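Next comes run10.txt, with compact mmCIF, C-alpha atoms.
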# COMPACT_ATOMS: atom_id res chain seq x y z
CA MET A 1 -57.03 18.77 6.24
CA ARG A 2 -55.91 15.25 5.34
CA VAL A 3 -54.91 14.81 1.69
CA VAL A 4 -54.22 11.35 0.27
CA ASP A 5 -52.14 11.20 -2.92
CA VAL A 6 -52.50 7.94 -4.86
CA ASN A 7 -49.23 8.29 -6.71
CA GLU A 8 -47.95 5.69 -9.19
CA PHE A 9 -44.96 7.91 -10.05
CA TYR A 10 -43.59 8.00 -6.48
CA SER A 11 -40.60 5.80 -5.63
CA PRO A 12 -37.88 5.90 -2.94
CA THR A 13 -35.36 5.81 -5.80
CA GLY A 14 -37.30 8.24 -7.98
CA GLY A 15 -36.37 11.72 -9.15
CA GLY A 16 -38.44 14.85 -9.62
CA VAL A 17 -41.78 13.46 -8.40
CA ARG A 18 -40.24 12.15 -5.18
CA THR A 19 -38.47 15.47 -4.55
CA TYR A 20 -41.68 17.43 -5.21
CA VAL A 21 -43.89 15.21 -3.00
CA ASP A 22 -41.40 15.04 -0.10
CA ARG A 23 -41.07 18.81 -0.06
CA LYS A 24 -44.84 19.33 -0.38
CA MET A 25 -45.36 17.05 2.62
CA GLN A 26 -43.11 19.30 4.73
CA LEU A 27 -44.73 22.50 3.52
CA MET A 28 -48.25 21.16 4.02
CA ALA A 29 -47.35 20.23 7.60
CA ASP A 30 -46.16 23.80 8.16
CA LEU A 31 -49.63 24.95 7.08
CA GLY A 32 -51.35 22.50 9.43
CA HIS A 33 -52.24 19.85 6.84
CA GLU A 34 -51.35 16.17 6.51
CA LEU A 35 -50.23 14.44 3.30
CA ILE A 36 -50.39 10.65 3.00
CA VAL A 37 -48.99 9.07 -0.16
CA ILE A 38 -50.12 5.65 -1.41
CA ALA A 39 -47.45 4.29 -3.77
CA PRO A 40 -46.64 0.94 -5.43
CA ALA A 41 -43.55 -1.00 -4.31
CA ARG A 42 -42.06 -4.48 -4.19
CA ARG A 43 -43.47 -5.07 -0.69
CA ASP A 44 -46.01 -3.63 1.72
CA TRP A 45 -44.50 -1.18 4.19
CA VAL A 46 -45.02 2.26 5.74
CA ASP A 47 -42.52 5.10 5.84
CA GLU A 48 -43.50 7.48 8.64
CA ARG A 49 -42.53 11.12 8.13
CA PRO A 50 -42.95 14.34 10.12
CA GLY A 51 -46.31 15.68 8.93
CA GLY A 52 -47.28 12.61 6.92
CA ARG A 53 -46.34 9.17 5.66
CA VAL A 54 -45.85 7.05 2.57
CA ILE A 55 -47.83 3.80 2.48
CA TYR A 56 -46.35 1.34 0.00
CA ILE A 57 -48.54 -1.37 -1.53
CA LYS A 58 -46.98 -4.45 -3.10
CA ALA A 59 -47.39 -4.17 -6.88
CA PRO A 60 -45.70 -5.41 -10.08
CA PRO A 61 -42.73 -3.37 -11.36
CA MET A 62 -42.94 -1.12 -14.39
CA PRO A 63 -41.69 -3.15 -17.40
CA PHE A 64 -39.14 -0.57 -18.60
CA ASP A 65 -38.07 0.91 -15.25
CA ALA A 66 -37.93 -1.31 -12.16
CA ASN A 67 -37.57 1.78 -9.93
CA TYR A 68 -41.33 2.22 -10.26
CA GLY A 69 -44.37 0.01 -9.76
CA LEU A 70 -47.79 -0.27 -11.38
CA PHE A 71 -51.09 -0.40 -9.52
CA TRP A 72 -53.40 -3.06 -10.88
CA SER A 73 -55.79 -4.27 -8.22
CA ALA A 74 -58.19 -1.59 -6.96
CA GLU A 75 -59.07 -3.31 -3.67
CA PRO A 76 -55.89 -2.53 -1.66
CA VAL A 77 -56.07 1.13 -2.67
CA THR A 78 -59.78 1.63 -2.03
CA ARG A 79 -59.52 -0.22 1.31
CA LEU A 80 -56.82 2.19 2.40
CA LEU A 81 -58.86 5.17 1.23
CA ASP A 82 -61.81 3.92 3.28
CA ASP A 83 -59.60 3.46 6.37
CA LEU A 84 -57.81 6.81 6.03
CA ALA A 85 -61.03 8.83 5.53
CA PRO A 86 -59.30 11.66 3.65
CA ASP A 87 -60.70 15.15 3.24
CA LEU A 88 -59.46 15.13 -0.36
CA VAL A 89 -57.87 12.58 -2.71
CA GLU A 90 -55.34 13.41 -5.41
CA ALA A 91 -54.28 11.28 -8.40
CA SER A 92 -51.90 11.95 -11.29
CA SER A 93 -51.39 8.75 -13.30
CA PRO A 94 -53.72 8.51 -16.33
CA TRP A 95 -53.77 4.71 -16.20
CA ARG A 96 -55.26 2.43 -13.54
CA PRO A 97 -55.00 4.90 -10.61
CA ALA A 98 -57.13 7.44 -12.51
CA TRP A 99 -60.02 4.95 -12.60
CA ILE A 100 -59.42 3.48 -9.14
CA VAL A 101 -59.58 6.90 -7.47
CA GLY A 102 -62.29 8.21 -9.77
CA ARG A 103 -64.65 5.30 -9.07
CA TRP A 104 -63.91 5.06 -5.36
CA ARG A 105 -67.20 5.43 -3.47
CA GLY A 106 -65.91 7.73 -0.74
CA ALA A 107 -67.38 11.19 -0.21
CA ALA A 108 -64.12 13.16 -0.37
CA PRO A 109 -63.54 15.50 -3.34
CA ARG A 110 -61.17 14.16 -5.99
CA VAL A 111 -58.48 16.13 -7.84
CA PHE A 112 -56.55 14.96 -10.88
CA PHE A 113 -53.19 16.73 -11.16
CA MET A 114 -51.66 16.64 -14.65
CA HIS A 115 -47.87 16.60 -14.35
CA ASN A 116 -46.90 15.45 -17.83
CA ASP A 117 -48.02 15.10 -21.44
CA ASN A 118 -47.54 11.61 -22.86
CA LEU A 119 -48.54 12.71 -26.36
CA LYS A 120 -45.84 15.38 -26.50
CA ALA A 121 -43.15 13.48 -24.64
CA TYR A 122 -43.47 10.22 -26.54
CA VAL A 123 -45.88 9.94 -29.48
CA GLU A 124 -44.92 13.18 -31.26
CA ARG A 125 -41.26 12.26 -30.95
CA TRP A 126 -41.86 8.75 -32.34
CA PHE A 127 -43.43 10.25 -35.47
CA GLU A 128 -40.88 13.05 -35.82
CA GLY A 129 -39.71 13.41 -39.40
CA LEU A 130 -42.66 11.31 -40.59
CA ALA A 131 -45.64 13.45 -39.61
CA SER A 132 -46.37 16.91 -38.21
CA PRO A 133 -47.42 17.45 -34.58
CA ALA A 134 -50.86 18.54 -35.89
CA TRP A 135 -51.23 15.21 -37.73
CA VAL A 136 -50.25 13.31 -34.57
CA GLU A 137 -52.77 15.24 -32.49
CA ARG A 138 -55.56 14.48 -34.99
CA ARG A 139 -54.72 10.78 -35.22
CA PHE A 140 -54.39 10.45 -31.44
CA ALA A 141 -57.46 12.51 -30.54
CA TRP A 142 -58.76 9.27 -28.98
CA TYR A 143 -56.19 9.78 -26.17
CA SER A 144 -57.72 13.16 -25.28
CA ARG A 145 -61.15 11.54 -25.28
CA TYR A 146 -59.77 8.80 -23.03
CA LEU A 147 -58.54 11.43 -20.56
CA ASN A 148 -61.93 13.14 -20.49
CA ASP A 149 -63.61 9.77 -19.92
CA PHE A 150 -62.10 9.42 -16.44
CA LEU A 151 -61.82 13.14 -15.67
CA LYS A 152 -65.63 13.29 -15.41
CA TYR A 153 -65.27 11.52 -12.05
CA TYR A 154 -63.10 14.34 -10.64
CA ASP A 155 -64.14 17.53 -8.86
CA ALA A 156 -61.16 19.45 -10.27
CA VAL A 157 -58.46 18.95 -12.90
CA LEU A 158 -55.19 20.86 -12.44
CA THR A 159 -51.91 21.23 -14.33
CA ASN A 160 -48.45 22.10 -13.03
CA GLY A 161 -48.16 25.23 -15.15
CA PRO A 162 -49.50 27.29 -18.06
CA ALA A 163 -47.59 25.42 -20.79
CA LEU A 164 -49.36 22.16 -20.05
CA GLU A 165 -52.68 23.92 -19.48
CA LYS A 166 -52.59 25.57 -22.92
CA ARG A 167 -51.50 22.40 -24.70
CA LEU A 168 -54.18 20.18 -23.17
CA LYS A 169 -56.98 22.72 -23.50
CA ARG A 170 -56.15 23.09 -27.19
CA ARG A 171 -56.83 19.37 -27.57
CA GLY A 172 -60.16 19.64 -25.77
CA VAL A 173 -59.01 18.11 -22.48
CA ARG A 174 -60.80 19.44 -19.43
CA ILE A 175 -58.55 21.64 -17.30
CA ASP A 176 -59.97 23.73 -14.44
CA ALA A 177 -56.87 25.60 -13.28
CA ALA A 178 -53.07 25.80 -13.53
CA MET A 179 -51.08 25.59 -10.30
CA PRO A 180 -47.53 26.52 -11.37
CA LEU A 181 -44.85 24.69 -9.43
CA GLY A 182 -42.15 26.48 -7.49
CA ILE A 183 -38.66 25.74 -6.28
CA GLU A 184 -36.91 25.76 -2.91
CA ARG A 185 -35.31 29.09 -3.73
CA GLY A 186 -33.18 29.23 -0.59
CA HIS A 187 -30.87 26.60 -2.10
CA PHE A 188 -30.07 28.70 -5.18
CA SER A 189 -28.51 32.13 -5.36
CA PRO A 190 -26.27 34.25 -7.62
CA SER A 191 -24.17 34.88 -4.50
CA LEU A 192 -22.85 31.30 -4.75
CA ARG A 193 -20.92 32.17 -7.92
CA ASP A 194 -17.33 30.95 -7.66
CA GLU A 195 -15.01 32.39 -10.31
CA ARG A 196 -12.24 29.92 -9.45
CA LEU A 197 -14.60 27.00 -10.02
CA ARG A 198 -15.68 28.53 -13.32
CA THR A 199 -12.06 29.00 -14.47
CA ALA A 200 -11.12 25.46 -13.42
CA THR A 201 -14.13 23.98 -15.24
CA LEU A 202 -13.30 25.91 -18.42
CA ALA A 203 -9.72 24.63 -18.18
CA GLU A 204 -11.05 21.05 -18.05
CA LEU A 205 -12.78 21.80 -21.35
CA GLY A 206 -9.56 23.19 -22.82
CA LEU A 207 -10.91 26.75 -22.79
CA PRO A 208 -9.43 29.99 -21.42
CA GLU A 209 -10.98 32.10 -18.66
CA SER A 210 -12.49 34.29 -21.40
CA GLY A 211 -14.47 31.30 -22.72
CA HIS A 212 -18.18 30.66 -22.19
CA LEU A 213 -19.34 27.86 -19.87
CA LEU A 214 -22.67 26.22 -20.70
CA LEU A 215 -24.43 23.85 -18.35
CA GLY A 216 -26.93 21.12 -19.28
CA LEU A 217 -28.92 19.31 -16.59
CA GLY A 218 -31.31 16.40 -16.99
CA ARG A 219 -31.97 12.74 -17.66
CA HIS A 220 -30.30 11.08 -20.62
CA HIS A 221 -33.57 10.46 -22.41
CA PRO A 222 -34.57 11.21 -26.02
CA GLU A 223 -37.24 13.73 -24.95
CA LYS A 224 -34.48 15.94 -23.49
CA ARG A 225 -32.91 16.26 -26.99
CA TRP A 226 -29.30 16.25 -25.79
CA SER A 227 -28.05 15.19 -29.22
CA MET A 228 -29.53 18.40 -30.65
CA VAL A 229 -27.99 20.46 -27.83
CA ILE A 230 -24.59 18.86 -28.47
CA GLU A 231 -24.85 19.64 -32.18
CA ALA A 232 -25.74 23.25 -31.38
CA VAL A 233 -22.73 23.63 -29.08
CA VAL A 234 -20.42 22.09 -31.69
CA ARG A 235 -21.72 24.55 -34.30
CA ALA A 236 -21.38 27.53 -31.95
CA SER A 237 -17.84 26.48 -30.96
CA ARG A 238 -16.66 27.02 -34.54
CA THR A 239 -16.78 30.79 -33.95
CA LEU A 240 -16.90 31.07 -30.14
CA PRO A 241 -14.78 29.66 -27.28
CA VAL A 242 -17.77 27.82 -25.80
CA GLY A 243 -17.93 24.55 -23.86
CA LEU A 244 -20.62 22.39 -22.29
CA VAL A 245 -20.78 20.37 -19.08
CA LEU A 246 -23.67 17.91 -19.25
CA ILE A 247 -24.83 16.57 -15.88
CA GLY A 248 -27.14 13.57 -15.62
CA ASP A 249 -27.60 9.91 -16.37
CA GLY A 250 -30.01 7.57 -18.12
CA TYR A 251 -30.31 4.87 -20.73
CA GLU A 252 -28.95 7.13 -23.49
CA ARG A 253 -25.69 7.76 -21.65
CA ARG A 254 -23.54 5.53 -23.89
CA ARG A 255 -24.96 7.13 -27.01
CA ILE A 256 -24.19 10.59 -25.63
CA GLU A 257 -20.66 9.48 -24.71
CA ARG A 258 -20.10 8.43 -28.31
CA LEU A 259 -21.48 11.74 -29.61
CA ILE A 260 -19.19 13.90 -27.48
CA ALA A 261 -16.06 11.73 -27.80
CA PRO A 262 -14.51 13.86 -30.61
CA TYR A 263 -15.10 17.13 -28.75
CA PRO A 264 -12.84 17.95 -25.77
CA HIS A 265 -14.89 21.08 -25.02
CA ILE A 266 -17.93 18.94 -24.08
CA LYS A 267 -17.80 16.82 -20.93
CA LEU A 268 -20.24 14.44 -19.29
CA ARG A 269 -20.60 14.30 -15.50
CA PRO A 270 -22.79 12.08 -13.29
CA PRO A 271 -25.70 13.57 -11.33
CA ILE A 272 -24.73 15.80 -8.41
CA TYR A 273 -26.78 14.98 -5.31
CA ASP A 274 -25.07 17.47 -3.02
CA ARG A 275 -27.43 20.44 -3.36
CA LEU A 276 -24.89 23.07 -2.33
CA LYS A 277 -22.33 21.71 -4.78
CA LEU A 278 -24.90 21.70 -7.59
CA ALA A 279 -26.18 25.19 -6.75
CA THR A 280 -22.60 26.52 -6.69
CA LEU A 281 -21.84 25.05 -10.10
CA MET A 282 -25.09 26.48 -11.50
CA ALA A 283 -24.28 29.94 -10.18
CA SER A 284 -20.73 29.68 -11.56
CA ALA A 285 -21.64 28.81 -15.16
CA ASP A 286 -22.43 31.38 -17.87
CA ALA A 287 -25.77 29.97 -19.09
CA LEU A 288 -28.03 26.94 -18.86
CA ILE A 289 -28.94 25.33 -22.17
CA HIS A 290 -32.06 23.18 -22.50
CA GLY A 291 -33.40 21.20 -25.44
CA SER A 292 -36.82 19.82 -24.57
CA GLU A 293 -39.83 21.64 -25.96
CA GLY A 294 -42.08 19.09 -24.24
CA GLU A 295 -41.10 20.12 -20.72
CA PRO A 296 -44.40 20.61 -18.84
CA PHE A 297 -43.07 23.15 -16.33
CA GLY A 298 -39.29 23.58 -16.34
CA LEU A 299 -38.06 23.13 -12.77
CA VAL A 300 -34.42 22.91 -13.85
CA ALA A 301 -34.80 26.18 -15.74
CA ALA A 302 -36.38 27.82 -12.68
CA GLU A 303 -33.48 26.62 -10.47
CA ALA A 304 -30.99 27.98 -12.99
CA ILE A 305 -32.73 31.36 -13.11
CA ALA A 306 -32.75 31.48 -9.29
CA SER A 307 -28.98 30.91 -9.47
CA GLY A 308 -28.58 34.01 -11.63
CA LEU A 309 -27.96 31.90 -14.73
CA PRO A 310 -29.08 33.15 -18.17
CA LEU A 311 -31.19 30.64 -20.09
CA ILE A 312 -30.96 29.27 -23.65
CA ALA A 313 -34.12 27.28 -24.33
CA PRO A 314 -36.68 26.29 -27.00
CA ASP A 315 -39.54 28.68 -27.64
CA GLU A 316 -42.14 26.05 -26.69
CA GLY A 317 -42.89 24.32 -23.40
CA GLY A 318 -42.35 24.94 -19.73
CA CYS A 319 -38.86 26.45 -19.99
CA ALA A 320 -40.14 29.16 -22.32
CA GLU A 321 -42.91 29.95 -19.83
CA VAL A 322 -40.52 30.54 -16.91
CA ALA A 323 -37.82 32.30 -18.96
CA ASP A 324 -37.12 35.94 -18.20
CA ARG A 325 -36.90 37.63 -21.60
CA GLN A 326 -34.19 40.05 -20.44
CA ALA A 327 -31.90 37.21 -19.39
CA SER A 328 -32.71 34.51 -21.96
CA ALA A 329 -32.29 33.53 -25.59
CA LEU A 330 -35.13 31.42 -26.99
CA TYR A 331 -34.73 29.49 -30.22
CA ARG A 332 -37.01 27.63 -32.62
CA ALA A 333 -37.74 24.26 -30.98
CA LYS A 334 -36.03 21.12 -32.34
CA ASP A 335 -33.63 23.21 -34.48
CA ALA A 336 -29.90 22.80 -33.71
CA GLY A 337 -28.96 25.65 -36.04
CA ALA A 338 -31.38 28.01 -34.28
CA ALA A 339 -29.99 26.89 -30.90
CA ALA A 340 -26.42 27.62 -32.09
CA THR A 341 -27.51 31.09 -33.19
CA ALA A 342 -29.15 31.65 -29.77
CA ILE A 343 -25.85 30.74 -28.05
CA ALA A 344 -23.99 33.29 -30.18
CA GLN A 345 -26.65 35.95 -29.60
CA LEU A 346 -26.65 35.50 -25.83
CA PHE A 347 -22.88 35.68 -25.52
CA GLY A 348 -22.80 38.59 -27.97
CA ARG A 349 -24.60 40.73 -25.42
CA ASP A 350 -22.86 43.03 -22.95
CA PRO A 351 -21.80 40.58 -20.18
CA VAL A 352 -22.25 43.10 -17.37
CA LEU A 353 -25.80 43.99 -18.45
CA LEU A 354 -26.65 40.32 -19.01
CA ARG A 355 -25.39 39.35 -15.55
CA ARG A 356 -27.33 42.24 -14.01
CA ALA A 357 -30.54 41.16 -15.77
CA ALA A 358 -30.02 37.56 -14.65
CA THR A 359 -29.51 38.66 -11.04
CA VAL A 360 -32.78 40.61 -11.12
CA ALA A 361 -34.59 37.63 -12.69
CA ALA A 362 -33.37 35.42 -9.82
CA THR A 363 -35.47 37.40 -7.34
CA ARG A 364 -38.68 36.75 -9.29
CA VAL A 365 -38.64 32.95 -9.38
CA ARG A 366 -41.75 31.37 -7.87
CA THR A 367 -41.16 29.43 -4.65
CA ASP A 368 -42.54 26.05 -3.65
CA VAL A 369 -43.94 27.77 -0.55
CA ALA A 370 -46.12 29.97 -2.78
CA HIS A 371 -47.16 26.95 -4.87
CA THR A 372 -48.18 24.90 -1.82
CA ALA A 373 -50.08 27.78 -0.21
CA GLU A 374 -52.05 28.40 -3.41
CA LEU A 375 -52.76 24.69 -3.85
CA MET A 376 -53.95 24.24 -0.26
CA ALA A 377 -56.23 27.27 -0.52
CA PHE A 378 -57.76 25.72 -3.66
CA TYR A 379 -58.16 22.35 -1.91
CA GLU A 380 -59.72 23.92 1.19
CA GLN A 381 -62.31 25.62 -1.00
CA LEU A 382 -63.09 22.32 -2.74
CA VAL A 383 -63.55 20.58 0.61
CA ALA A 384 -65.75 23.39 1.90
CA ASP A 385 -67.89 23.31 -1.22
CA GLY A 386 -68.18 19.55 -0.97
CA ARG A 387 -69.33 19.73 2.62
CA ARG A 388 -71.96 22.33 1.74
CA LEU A 389 -73.22 20.11 -1.08
CA ALA A 390 -73.29 17.08 1.22
CA ALA A 391 -75.23 19.06 3.84
Here is a file; write its structure as structure tokens.
Amino acid sequence: MRVVDVNEFYSPTGGGVRTYVDRKMQLMADLGHELIVIAPARRDWVDERPGGRVIYIKAPPMPFDANYGLFWSAEPVTRLLDDLAPDLVEASSPWRPAWIVGRWRGAAPRVFFMHNDNLKAYVERWFEGLASPAWVERRFAWYSRYLNDFLKYYDAVLTNGPALEKRLKRRGVRIDAAMPLGIERGHFSPSLRDERLRTATLAELGLPESGHLLLGLGRHHPEKRWSMVIEAVVRASRTLPVGLVLIGDGYERRRIERLIAPYPHIKLRPPIYDRLKLATLMASADALIHGSEGEPFGLVAAEAIASGLPLIAPDEGGCAEVADRQASALYRAKDAGAAATAIAQLFGRDPVLLRRAATVAATRVRTDVAHTAELMAFYEQLVADGRRLAA
């Protein structure tokens, strides 16, 4: 089966979407399928891969992030779709690509894969402190209607997990199924725990070996709520020897640097691209702390759990969905005081029993192999149904 993904969020310098698509291309090839990605770029070129390829079409850059491009003209995309003759076409951007793919005249089934929630990630946050999420949803109901306007052109509408499925269905958006993501579990393991690394990292934070090492991973973006996480750690540190290593980068980096400057037990580190090094640090910490209630799935949380790391996360969103209740502490979303209490509660538990529960939870994390197999089975059924209808 040949699947073509018209993907406005794919970039050679991108993050999570690029990682997900590149891995899916490999796994689809293992199952005997081909994935071809059509993505915007600064110039036309083709990146050949084992089991697939990425075809870049020259397009204008995104105004606020030059790493990404924006499709505008339909003709180059539809011409490629005609030439490639796919068995199935996938789209995920709710802007121009949604309409370009939806109105393409080819016979192949179309799937729209929801990977994010713009209303939760942006609009609700803009109105925070001024209006309730319910008020925002009512006033922006037109956005849900807009989504349904183009979704009528698609044979199936999927989400990347139950959190996003529930949220969108509540607003009346058509969703046919959830296809929870998975992680490359072989990279992460509790066996990578390095006590010397843990002790050395605590020492950098000015804490003894008996202290508690928290890890935060993610972009420096307001939706990740790092300022709230920092406040929670500062509050918890008044009664506990607890420190935080925050790994990532983004346009809020300078603001975060200013926030943590007075606190030697909180350190900022750049992204770690060496997967073994990152997995070892994850396995060597005492808990992962997360702040975003708008997370659609929670891949970082899943990687942490696979590393045998207990989780401190908001009680809404993708992280709450993947959390193992025996090895997690959930707190009221957007509440620094509640997050500080969750830190104290987690580290107030018997450390041996907590570590044992976290090790068991690591074996239950969904893999990307399982995700891809389920997705391809769904796509094969769509293609078969389409062929029967065409006949």
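For the pair CA of Pro61 in chain A and CA of Ala121 in chain A, the interatomic distance is 21.5 Å.
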Quiz item: How many Å separate CA of Arg185 in chain A from CA of Gly291 in chain A?
Solution: 23.2 Å
Quiz item: With all atoms listed in the file as the atoms that count, which of A:Lys24, A:Lys334, A:His290, A:Arg255 lies nearest to Glu124 in chain A?
Solution: A:Lys334
Practice problem: May I ask which of the residues A:Ile100, A:Ala200, A:Val369, A:Ile266 is the closest one to Glu75 in chain A, counting only C-alpha atoms? | Solution: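 Residue with the minimum atom-to-atom distance to Glu75 in chain A: A:Ile100.
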Practice problem: Give me the residues within 10 Å of Glu295 in chain A as a list of chain:residue names, counting all atoms listed in the file and dropping any in the same chain fewer than 6 places off. | Solution: A:His115, A:Asn116, A:Asp117, A:Lys120, A:Ala121, A:Ala163, A:Leu164, A:Glu223, A:Lys224, A:Pro314, A:Glu316, A:Gly317, A:Gly318, A:Cys319, A:Ala320
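Here CA of Leu214 in chain A stands at a distance of 16.2 Å from CA of Ile272 in chain A.
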Self-check item: Who sits within 9 Å of range 309-312 of chain A, all atoms listed in the file, same chain under 5 positions skipped, as a ChimeraX atom specification
Solution: /A:190,282-291,301,303-304,319,323-324,326-331,339,342-343,346,354-355,357-359,361-362
Quiz prompt | Shell around Thr367 in chain A at 8 Å using only C-alpha atoms, local window under 2 positions removed, as number ranges by chain | solution = A: 181-185, 365, 369-371
Practice problem: In the coordinates of the file, take the point (-8.7, 29.8, -21.8) and a cut-off of 12 Å; then, counting only C-alpha atoms, name each qualifying protein, DNA or RNA residue as a PyMOL selection string. | Solution: chain A and resi 198-213+240-243+265
Practice problem: Choose the residue, out of A:Ser144, A:Ala39, A:Arg110, A:Ile230, that has the smallest atom-to-atom separation from Asp335 in chain A; count only C-alpha atoms. | Solution: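 Of A:Ser144, A:Ala39, A:Arg110, A:Ile230, the one nearest Asp335 in chain A, counting only C-alpha atoms, is A:Ile230.
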Exercise. Check the smallest atom-to-atom distance from each of A:Leu31, A:Val6, A:Val157, A:Val123 to Leu70 in chain A using all atoms listed in the file, then report the winner.
Key: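 Closest residue, counting all atoms listed in the file: A:Val6.
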Self-check item: Selected residue, from A:Lys169, A:Gln26, A:Arg238, A:Glu48, that lies nearest to Thr341 in chain A when counting all atoms listed in the file
Solution: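 Under the stated criterion, the closest residue is A:Arg238.
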Quiz item: When distances are computed from only C-alpha atoms, which of A:Arg174, A:Arg79, A:Lys277, A:Lys166 shows the smallest separation from Leu147 in chain A?
Solution: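 Closest residue, counting only C-alpha atoms: A:Arg174.
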Exercise. Just the residues within 8 Å of Arg53 in chain A, please, counting all atoms listed in the file, with nothing from its chain fewer than 3 positions along; format it as a list in words.
Key: Leu35, Ile36, Val37, Val46, Asp47, Glu48, Arg49 and Pro50 of chain A
Quiz item: Contacts of His220 in chain A at 12 Å or less, counting all atoms listed in the file, minus same-chain residues fewer than 4 places along, as a count of residues only?
Solution: 23
Enclose the full set of atoms of range 200-205 of chain A listed in the file within a box whose edges lie along x, y and z, apply 6 Å of padding to each of the six sides, and report centre and edge lengths in Å to one decimal as AutoDock Vina command-line options.
--center_x -11.9 --center_y 23.5 --center_z -17.4 --size_x 16.4 --size_y 16.9 --size_z 19.9
Exercise. Counting all atoms listed in the file, find the residues whose atoms lie at most 8 Å from (-28.3, 22.0, -38.3) (file coordinates) and write them out as a list in words.
Key: Glu231, Ala232, Asp335, Ala336, Gly337 and Ala338 of chain A
